[in-house]
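Peer 1: First the structure, then my questions, so here it is.
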Amino acid sequence: MRRDIWFRTDVVTPLPGQPSILYLFIDDGWRQLVNPNQVTHDQVQEAFAFGQQVIGLYDTATNALQAVIVNKQ
């Protein structure tokens, strides 16, 4: 399912033993991407800072993000 993302938050420094998680608010619910790589994290953060469009594809059964797309146009 493709949806624009309106809000973003993430755990920059996870608790000991916990994975890093990027949370995106899509379709009235929080969707998560566990252990995003640094490039993905930086691109999403930059996109929100500069008002660029971010699109998230997620699994409706698990709410887990499958892909994050940054539209820099």
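In the structure tokens, chains take letters A, B, ... by order of appearance, with residues numbered from 1 within each chain and ligands from 1 in the order shown.
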Assign secondary structure with DSSP using the backbone only, and return the residues of chain A in strand (DSSP E or B) as a PyMOL selection string.

Peer 2: chain A and resi 2-4+7-10+21-26+29-34+53-58+64-71

Peer 1: Would you compute the distance between CA of Trp30 in chain A and CA of Asn71 in chain A? Give it in Å to one decimal.

Peer 2: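 Those two atoms sit 20.7 Å apart.
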
Peer 1: So that I can see what lies close to Val70 in chain A, please list as a PDB file with C-alpha atoms, in the first residue's frame the residues with an atom at most 8 Å from it, counting only C-alpha atoms and leaving out residues fewer than 3 positions away in the same chain.

Peer 2:
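Final output, saved to around_36.pdb:
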ATOM      1  CA  GLN A  43      17.527  10.623   3.637  1.00  0.00           C
ATOM      2  CA  VAL A  44      14.227  10.559   5.560  1.00  0.00           C
ATOM      3  CA  ALA A  47      13.457  15.047   3.401  1.00  0.00           C
ATOM      4  CA  GLN A  52      10.235  16.865   0.485  1.00  0.00           C
ATOM      5  CA  GLN A  53       7.699  14.128  -0.112  1.00  0.00           C
ATOM      6  CA  VAL A  54       8.273  10.806   1.641  1.00  0.00           C
ATOM      7  CA  ILE A  55       6.292   7.724   0.571  1.00  0.00           C
TER       8      ILE A  55
END

Peer 1: Looking at A:Pro36, A:Gly29, A:Pro16, A:Gly51, which one is nearest to Ala67 in chain A, with distances taken over only C-alpha atoms?

Peer 2: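 Looking only at the distances to Ala67 in chain A, the closest residue turns out to be A:Pro36.
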
Peer 1: Can you tell me how far CA of Ala64 in chain A sits from CA of Phe50 in chain A, in Å to one decimal?

Peer 2: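 According to the coordinates, CA of Ala64 in chain A and CA of Phe50 in chain A are separated by 25.2 Å.
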
Peer 1: How many Å lie between CA of Gln38 in chain A and CA of Leu22 in chain A, rounded to one decimal?

Peer 2: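 Separating CA of Gln38 in chain A from CA of Leu22 in chain A is a distance of 10.9 Å.
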
Peer 1: From a DSSP calculation on the backbone, collect every residue of chain A in helix (DSSP H, G or I) and output the set as number ranges by chain.

Peer 2: A: 38-49

Peer 1: Keeping only all heavy atoms, take the residues you just selected and write them out as a short mmCIF file (atom, residue, chain, number, x, y, z; two decimals), in the first residue's frame.

Peer 2:
data_model
loop_
_atom_site.label_atom_id
_atom_site.label_comp_id
_atom_site.auth_asym_id
_atom_site.auth_seq_id
_atom_site.Cartn_x
_atom_site.Cartn_y
_atom_site.Cartn_z
N GLN A 38 21.89 3.57 7.72
CA GLN A 38 22.18 4.99 7.97
C GLN A 38 21.76 5.87 6.79
O GLN A 38 21.29 6.99 6.99
CB GLN A 38 23.66 5.19 8.28
CG GLN A 38 23.97 6.57 8.82
CD GLN A 38 23.26 6.87 10.14
OE1 GLN A 38 23.24 6.04 11.04
NE2 GLN A 38 22.66 8.04 10.24
N VAL A 39 21.90 5.37 5.56
CA VAL A 39 21.50 6.15 4.38
C VAL A 39 20.00 6.42 4.41
O VAL A 39 19.55 7.55 4.19
CB VAL A 39 21.93 5.44 3.08
CG1 VAL A 39 21.36 6.15 1.86
CG2 VAL A 39 23.44 5.34 2.99
N THR A 40 19.20 5.40 4.69
CA THR A 40 17.74 5.57 4.76
C THR A 40 17.38 6.57 5.86
O THR A 40 16.58 7.48 5.65
CB THR A 40 17.05 4.22 5.03
OG1 THR A 40 17.37 3.33 3.97
CG2 THR A 40 15.55 4.38 5.14
N HIS A 41 17.97 6.39 7.01
CA HIS A 41 17.70 7.29 8.14
C HIS A 41 18.03 8.74 7.76
O HIS A 41 17.22 9.65 7.97
CB HIS A 41 18.53 6.86 9.34
CG HIS A 41 18.28 7.69 10.55
ND1 HIS A 41 19.00 8.83 10.81
CD2 HIS A 41 17.39 7.56 11.56
CE1 HIS A 41 18.56 9.37 11.93
NE2 HIS A 41 17.59 8.62 12.40
N ASP A 42 19.20 8.96 7.18
CA ASP A 42 19.63 10.31 6.82
C ASP A 42 18.74 10.92 5.73
O ASP A 42 18.40 12.10 5.79
CB ASP A 42 21.08 10.31 6.34
CG ASP A 42 22.07 10.01 7.45
OD1 ASP A 42 21.68 10.07 8.65
OD2 ASP A 42 23.23 9.71 7.13
N GLN A 43 18.36 10.12 4.73
CA GLN A 43 17.53 10.62 3.64
C GLN A 43 16.14 11.03 4.13
O GLN A 43 15.60 12.06 3.71
CB GLN A 43 17.41 9.58 2.52
CG GLN A 43 18.69 9.34 1.77
CD GLN A 43 19.11 10.54 0.96
OE1 GLN A 43 18.30 11.16 0.28
NE2 GLN A 43 20.38 10.88 1.02
N VAL A 44 15.55 10.23 5.02
CA VAL A 44 14.23 10.56 5.56
C VAL A 44 14.32 11.82 6.42
O VAL A 44 13.49 12.73 6.31
CB VAL A 44 13.64 9.38 6.35
CG1 VAL A 44 12.40 9.79 7.13
CG2 VAL A 44 13.31 8.23 5.42
N GLN A 45 15.33 11.90 7.24
CA GLN A 45 15.50 13.07 8.10
C GLN A 45 15.69 14.33 7.25
O GLN A 45 15.08 15.37 7.52
CB GLN A 45 16.70 12.85 9.01
CG GLN A 45 16.80 13.85 10.12
CD GLN A 45 17.83 13.44 11.15
OE1 GLN A 45 18.78 12.74 10.86
NE2 GLN A 45 17.61 13.88 12.37
N GLU A 46 16.50 14.25 6.22
CA GLU A 46 16.73 15.38 5.33
C GLU A 46 15.45 15.77 4.58
O GLU A 46 15.15 16.95 4.41
CB GLU A 46 17.83 15.03 4.33
CG GLU A 46 18.21 16.17 3.42
CD GLU A 46 19.34 15.79 2.48
OE1 GLU A 46 20.43 15.48 2.98
OE2 GLU A 46 19.10 15.78 1.25
N ALA A 47 14.70 14.77 4.13
CA ALA A 47 13.46 15.05 3.40
C ALA A 47 12.48 15.83 4.26
O ALA A 47 11.86 16.79 3.80
CB ALA A 47 12.82 13.74 2.94
N PHE A 48 12.33 15.45 5.51
CA PHE A 48 11.42 16.19 6.39
C PHE A 48 11.94 17.58 6.69
O PHE A 48 11.17 18.53 6.78
CB PHE A 48 11.15 15.39 7.67
CG PHE A 48 10.11 14.34 7.48
CD1 PHE A 48 10.47 13.04 7.16
CD2 PHE A 48 8.77 14.64 7.59
CE1 PHE A 48 9.51 12.07 6.95
CE2 PHE A 48 7.79 13.67 7.39
CZ PHE A 48 8.17 12.38 7.07
N ALA A 49 13.24 17.73 6.81
CA ALA A 49 13.83 19.04 7.09
C ALA A 49 13.61 20.01 5.94
O ALA A 49 13.42 21.21 6.16
CB ALA A 49 15.33 18.89 7.37
#
